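A.B. asks: Data file model29.cif (mmCIF, C-alpha atoms) is appended below.
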data_start
loop_
_atom_site.label_atom_id
_atom_site.label_comp_id
_atom_site.auth_asym_id
_atom_site.auth_seq_id
_atom_site.Cartn_x
_atom_site.Cartn_y
_atom_site.Cartn_z
CA MET T 1 149.69 93.68 102.81
CA ARG T 2 148.44 92.19 99.57
CA ILE T 3 148.31 94.05 96.28
CA LEU T 4 144.51 93.95 96.31
CA ASP T 5 144.37 95.57 99.76
CA ARG T 6 146.70 98.35 98.63
CA TYR T 7 144.58 98.87 95.53
CA LEU T 8 141.38 99.17 97.57
CA MET T 9 142.99 101.54 100.07
CA ARG T 10 144.38 103.72 97.29
CA SER T 11 140.98 103.87 95.59
CA PHE T 12 139.51 105.12 98.89
CA VAL T 13 142.24 107.44 100.21
CA PHE T 14 142.46 109.70 97.14
CA PRO T 15 138.72 110.51 97.03
CA PHE T 16 138.77 111.08 100.80
CA PHE T 17 141.49 113.73 100.66
CA ALA T 18 139.90 115.25 97.57
CA CYS T 19 136.62 115.63 99.48
CA VAL T 20 138.42 117.12 102.51
CA LEU T 21 140.17 119.68 100.29
CA LEU T 22 136.95 120.51 98.46
CA PHE T 23 134.92 120.94 101.65
CA SER T 24 137.71 123.00 103.25
CA PHE T 25 137.79 125.24 100.20
CA ILE T 26 134.00 125.70 100.40
CA PHE T 27 134.22 126.55 104.12
CA ILE T 28 136.94 129.12 103.47
CA VAL T 29 135.05 130.68 100.54
CA ILE T 30 131.87 130.98 102.62
CA ASP T 31 133.77 132.60 105.48
CA LEU T 32 135.60 134.88 103.07
CA PHE T 33 132.34 136.16 101.58
CA SER T 34 130.84 136.63 105.04
CA HIS T 35 133.75 138.93 105.95
CA LEU T 36 134.18 140.48 102.50
CA ASP T 37 132.67 143.83 103.50
CA GLU T 38 135.06 144.25 106.44
CA ILE T 39 138.05 143.05 104.42
CA LEU T 40 137.43 145.57 101.63
CA LYS T 41 136.34 148.41 103.88
CA TYR T 42 139.31 148.24 106.23
CA ALA T 43 141.83 146.87 103.68
CA VAL T 44 142.80 143.82 105.70
CA PRO T 45 146.32 142.85 104.50
CA PRO T 46 147.30 139.37 103.27
CA ALA T 47 149.59 139.10 106.30
CA VAL T 48 146.40 138.78 108.38
CA LEU T 49 144.24 136.82 105.91
CA LEU T 50 146.75 134.05 105.19
CA PRO T 51 147.40 133.09 108.85
CA TYR T 52 143.67 133.42 109.57
CA TYR T 53 142.60 130.96 106.87
CA GLY T 54 145.64 128.80 107.48
CA ALA T 55 144.47 128.35 111.06
CA PHE T 56 141.09 127.29 109.67
CA CYS T 57 142.56 124.10 108.13
CA PRO T 58 142.57 121.92 111.30
CA ILE T 59 139.04 123.09 112.14
CA THR T 60 137.68 122.31 108.68
CA PHE T 61 139.45 118.92 108.67
CA VAL T 62 137.69 117.89 111.89
CA GLU T 63 134.33 119.16 110.69
CA THR T 64 134.46 117.74 107.17
CA SER T 65 136.24 114.38 107.64
CA PRO T 66 133.05 112.40 108.56
CA MET T 67 131.21 113.56 105.43
CA ALA T 68 134.36 113.11 103.34
CA LEU T 69 134.68 109.50 104.56
CA LEU T 70 131.08 108.77 103.62
CA LEU T 71 131.30 110.31 100.16
CA ALA T 72 134.68 108.73 99.43
CA ALA T 73 133.37 105.28 100.40
CA LEU T 74 130.26 105.70 98.23
CA TYR T 75 132.31 106.93 95.29
CA SER T 76 134.96 104.22 95.57
CA LEU T 77 132.52 101.34 96.02
CA GLY T 78 130.28 102.69 93.26
CA LEU T 79 133.24 102.85 90.88
CA LEU T 80 134.28 99.30 91.78
CA ASN T 81 130.73 98.10 91.21
CA LYS T 82 130.51 99.92 87.89
CA ARG T 83 133.66 98.17 86.69
CA HIS T 84 132.35 94.81 88.00
CA GLU T 85 135.43 94.51 90.21
CA ILE T 86 133.41 93.60 93.30
CA ARG T 87 131.80 90.75 91.37
CA ALA T 88 135.24 89.57 90.26
CA MET T 89 136.56 89.65 93.84
CA ARG T 90 133.52 87.76 95.10
CA ALA T 91 133.94 85.19 92.32
CA SER T 92 137.56 84.65 93.39
CA GLY T 93 136.38 83.66 96.87
CA LEU T 94 136.82 86.88 98.84
CA SER T 95 134.25 87.67 101.49
CA LEU T 96 132.54 91.05 101.81
CA PHE T 97 134.36 91.64 105.09
CA HIS T 98 137.72 91.15 103.37
CA ILE T 99 136.71 93.54 100.59
CA LEU T 100 135.56 96.16 103.08
CA GLY T 101 138.53 95.62 105.43
CA PRO T 102 140.78 98.28 103.84
CA TYR T 103 137.92 100.78 103.95
CA LEU T 104 137.35 100.12 107.64
CA PHE T 105 141.07 100.43 108.33
CA VAL T 106 141.37 103.80 106.54
CA GLY T 107 138.17 105.00 108.23
CA LEU T 108 139.58 104.07 111.64
CA LEU T 109 142.84 105.91 110.92
CA ALA T 110 140.92 108.99 109.78
CA ALA T 111 138.73 108.91 112.89
CA VAL T 112 141.74 108.64 115.20
CA GLY T 113 143.53 111.41 113.30
CA SER T 114 140.47 113.65 113.50
CA PHE T 115 140.18 112.99 117.25
CA LEU T 116 143.84 113.83 117.86
CA VAL T 117 143.67 117.01 115.79
CA ASN T 118 140.49 118.06 117.61
CA GLU T 119 142.04 117.48 121.04
CA THR T 120 145.50 118.90 120.45
CA VAL T 121 145.54 121.37 117.55
CA VAL T 122 142.04 122.87 117.39
CA PRO T 123 142.06 124.35 120.94
CA LYS T 124 145.25 126.24 120.07
CA VAL T 125 144.11 127.62 116.72
CA VAL T 126 140.63 128.69 117.90
CA GLY T 127 142.12 131.44 120.04
CA ARG T 128 144.40 132.50 117.20
CA VAL T 129 141.44 132.66 114.79
CA ALA T 130 139.49 134.82 117.26
CA LEU T 131 142.41 137.24 117.69
CA LEU T 132 143.01 137.54 113.95
CA GLU T 133 139.31 138.06 113.32
CA GLU T 134 139.45 141.10 115.59
CA ARG T 135 141.66 142.76 112.96
CA PHE T 136 138.87 142.57 110.35
CA GLY T 137 137.55 145.90 111.63
CA PRO T 138 138.64 149.40 112.56
CA PRO T 139 141.32 149.93 115.21
CA LYS T 140 139.65 149.75 118.59
CA SER T 141 140.49 151.65 121.71
CA GLY T 142 139.42 151.80 125.32
CA GLN T 143 136.84 149.40 126.63
CA LYS T 144 135.80 148.21 123.15
CA ASP T 145 139.17 146.51 122.73
CA VAL T 146 138.31 143.98 125.44
CA LEU T 147 137.99 140.30 124.48
CA GLU T 148 135.28 138.41 126.33
CA HIS T 149 134.86 134.75 127.36
CA ILE T 150 138.27 133.34 126.43
CA ALA T 151 139.14 129.69 127.05
CA LEU T 152 142.51 128.11 126.24
CA PHE T 153 144.03 124.70 126.91
CA GLY T 154 147.63 125.07 128.08
CA LYS T 155 150.52 123.00 129.33
CA ASP T 156 150.28 120.38 132.08
CA ASN T 157 146.59 119.72 131.29
CA ARG T 158 145.49 123.17 132.42
CA LEU T 159 142.39 124.90 131.12
CA TYR T 160 142.37 128.70 131.39
CA TYR T 161 139.17 130.72 131.26
CA ALA T 162 138.72 134.47 131.62
CA SER T 163 135.54 136.49 131.32
CA ARG T 164 137.50 139.44 129.92
CA TYR T 165 140.97 140.17 128.59
CA HIS T 166 142.27 143.68 127.93
CA PRO T 167 145.25 143.42 125.52
CA GLN T 168 146.47 146.99 126.06
CA LYS T 169 146.40 146.80 129.84
CA LYS T 170 147.42 143.10 129.75
CA GLU T 171 144.80 142.39 132.36
CA LEU T 172 142.50 139.41 132.89
CA LYS T 173 139.22 139.43 134.78
CA ASP T 174 137.59 136.47 136.55
CA LEU T 175 140.41 134.07 135.72
CA VAL T 176 139.72 130.37 136.36
CA ILE T 177 142.45 127.71 136.03
CA LEU T 178 141.37 124.06 136.03
CA GLU T 179 144.20 121.53 136.32
CA ASP T 180 143.81 117.83 135.44
CA ASP T 181 146.10 114.89 136.06
CA ALA T 182 147.46 112.58 133.36
CA SER T 183 144.08 110.80 133.15
CA TYR T 184 142.27 114.13 132.66
CA VAL T 185 140.67 113.94 136.10
CA PRO T 186 140.27 117.38 137.73
CA VAL T 187 142.67 117.84 140.63
CA SER T 188 142.61 121.58 141.36
CA LYS T 189 140.80 124.82 140.61
CA THR T 190 142.25 128.31 140.95
CA TRP T 191 140.18 131.46 140.73
CA ALA T 192 141.19 135.12 140.73
CA LYS T 193 138.98 138.18 140.40
CA ARG T 194 141.41 140.41 138.54
CA PRO T 195 144.97 139.07 138.17
CA ALA T 196 147.49 141.09 136.20
CA CYS T 197 148.99 139.39 133.14
CA LYS T 198 152.57 140.61 132.63
CA ARG T 199 153.54 138.34 129.74
#
Output the file's structure as structure tokens, nothing else.
C.D. replies:
Amino acid sequence: MRILDRYLMRSFVFPFFACVLLFSFIFIVIDLFSHLDEILKYAVPPAVLLPYYGAFCPITFVETSPMALLLAALYSLGLLNKRHEIRAMRASGLSLFHILGPYLFVGLLAAVGSFLVNETVVPKVVGRVALLEERFGPPKSGQKDVLEHIALFGKDNRLYYASRYHPQKKELKDLVILEDDASYVPVSKTWAKRPACKR
């Protein structure tokens, strides 16, 4: 890779990650203020808040990376144009495609990374976020402690869905298990009205 390509990639990567961090911080602040009443009223400890907002990071990365790519590209190209560096590169015989090549490469890597995070990490942390969010209120008992409409992606390409889950009784209701093969083609479906969960 030539020095110019590394320079262009570096001028694009730093603003991209800065935008991702800024947008993630804004998302977390907005969510924090939306739950501020519950946090103060029920004295939610940092041991709950830190894992909760830590689990938010993969979600905010997936949601903010497209906008971060756009803003980083506009900022980087605008800065190059302000310094007349694009004109200098064009005068040296470089085509626009060659100048934009590093940007396209970094954008492709970010898109693939966002897709992988969305398909592998986000399904796992969504359930964790929902469970931790339940602790932003008073201790619940009886029927009110039931979690409704839970979906999780597990091992061997299996998708688990339950209309209700009672943590104290460790009981699931209307459990549906969809199993896919290696190509993510559905191969089986298992349904149970009220299986007992002993884990």
A.B. asks: For range 130-136 of chain T, list every protein, DNA or RNA residue within 8 Å, evaluated using all atoms listed in the file, and leave out those in the same chain fewer than 6 positions away; present the list as a CSV table (one decimal) with C-alpha atoms, keeping the file's coordinate frame.
C.D. replies:
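Result file selection-v5.csv:
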chain,number,residue,atom,x,y,z
T,35,HIS,CA,133.8,138.9,106.0
T,38,GLU,CA,135.1,144.2,106.4
T,39,ILE,CA,138.0,143.0,104.4
T,42,TYR,CA,139.3,148.2,106.2
T,44,VAL,CA,142.8,143.8,105.7
T,48,VAL,CA,146.4,138.8,108.4
T,52,TYR,CA,143.7,133.4,109.6
A.B. asks: Could you tell me which residues the PyMOL selection byres ((chain T and resi 170-178) around 12) grabs in this file, written as a PyMOL selection string?
C.D. replies: chain T and resi 145-169+179-181+184-199
A.B. asks: One number please: CA of Tyr103 in chain T to CA of Phe12 in chain T, in Å, one decimal.
C.D. replies: 6.9 Å
A.B. asks: Work out how far apart CA of Val117 in chain T and CA of Leu104 in chain T are and give it in Å to one decimal.
C.D. replies: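 CA of Leu104 in chain T lies 19.8 Å from CA of Val117 in chain T.
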A.B. asks: T:Ile28, T:Ala72, T:Met9, T:Leu96: which is nearest Gly54 in chain T, counting all atoms listed in the file?
C.D. replies: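 Ranked by minimum distance to Gly54 in chain T, first place goes to T:Ile28.
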A.B. asks: Selected by the PyMOL selection byres ((chain T and resi 4) around 12) in the shown coordinates: which residues, as a list in words?
C.D. replies: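 What the PyMOL selection byres ((chain T and resi 4) around 12) grabs from the file is Met1, Arg2, Ile3, Asp5, Arg6, Tyr7, Leu8, Met9, Arg10, Ser11, Glu85, Ile86, Ala88, Met89, Ser92, Leu94, His98, Ile99, Leu100, Gly101 and Pro102 of chain T.
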A.B. asks: Give me, as a PyMOL selection string, all polymer residues having an atom no more than 10 Å from range 58-60 of chain T, counting all atoms listed in the file and skipping those fewer than 6 positions away in the same chain.
C.D. replies: chain T and resi 20-21+23-28+114+117-118+121-123+125-126
A.B. asks: Return the single residue from T:Val106, T:Ala91, T:Ala43, T:Leu80 that is closest to Ser65 in chain T, with distances computed using all atoms listed in the file.
C.D. replies: T:Val106
A.B. asks: For each of T:Pro46, T:Glu119, T:Ala18, T:Asn81, take the minimum atom-to-atom distance to Ala68 in chain T, counting all atoms listed in the file, then give the residue where this is smallest.
C.D. replies: T:Ala18
A.B. asks: In Å, rounded to a single decimal, give me how far CA of Leu74 in chain T is from CA of Arg87 in chain T.
C.D. replies: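 Answer for the CA of Arg87 in chain T to CA of Leu74 in chain T separation: 16.5 Å.
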A.B. asks: Can you report as AutoDock Vina command-line options the centre and edge lengths in Å, to one decimal, of an axis-aligned box around the listed atoms of range 17-24 of chain T padded with 3 Å on each side?
C.D. replies:
--center_x 138.2 --center_y 118.4 --center_z 100.4 --size_x 12.6 --size_y 15.3 --size_z 11.7
A.B. asks: Quick one: of T:Thr64, T:Gly113, T:Gly107, T:Leu49, who's nearest to Leu32 in chain T, counting all atoms listed in the file?
C.D. replies: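 Looking at the shortest contact to Leu32 in chain T, the residue is T:Leu49.
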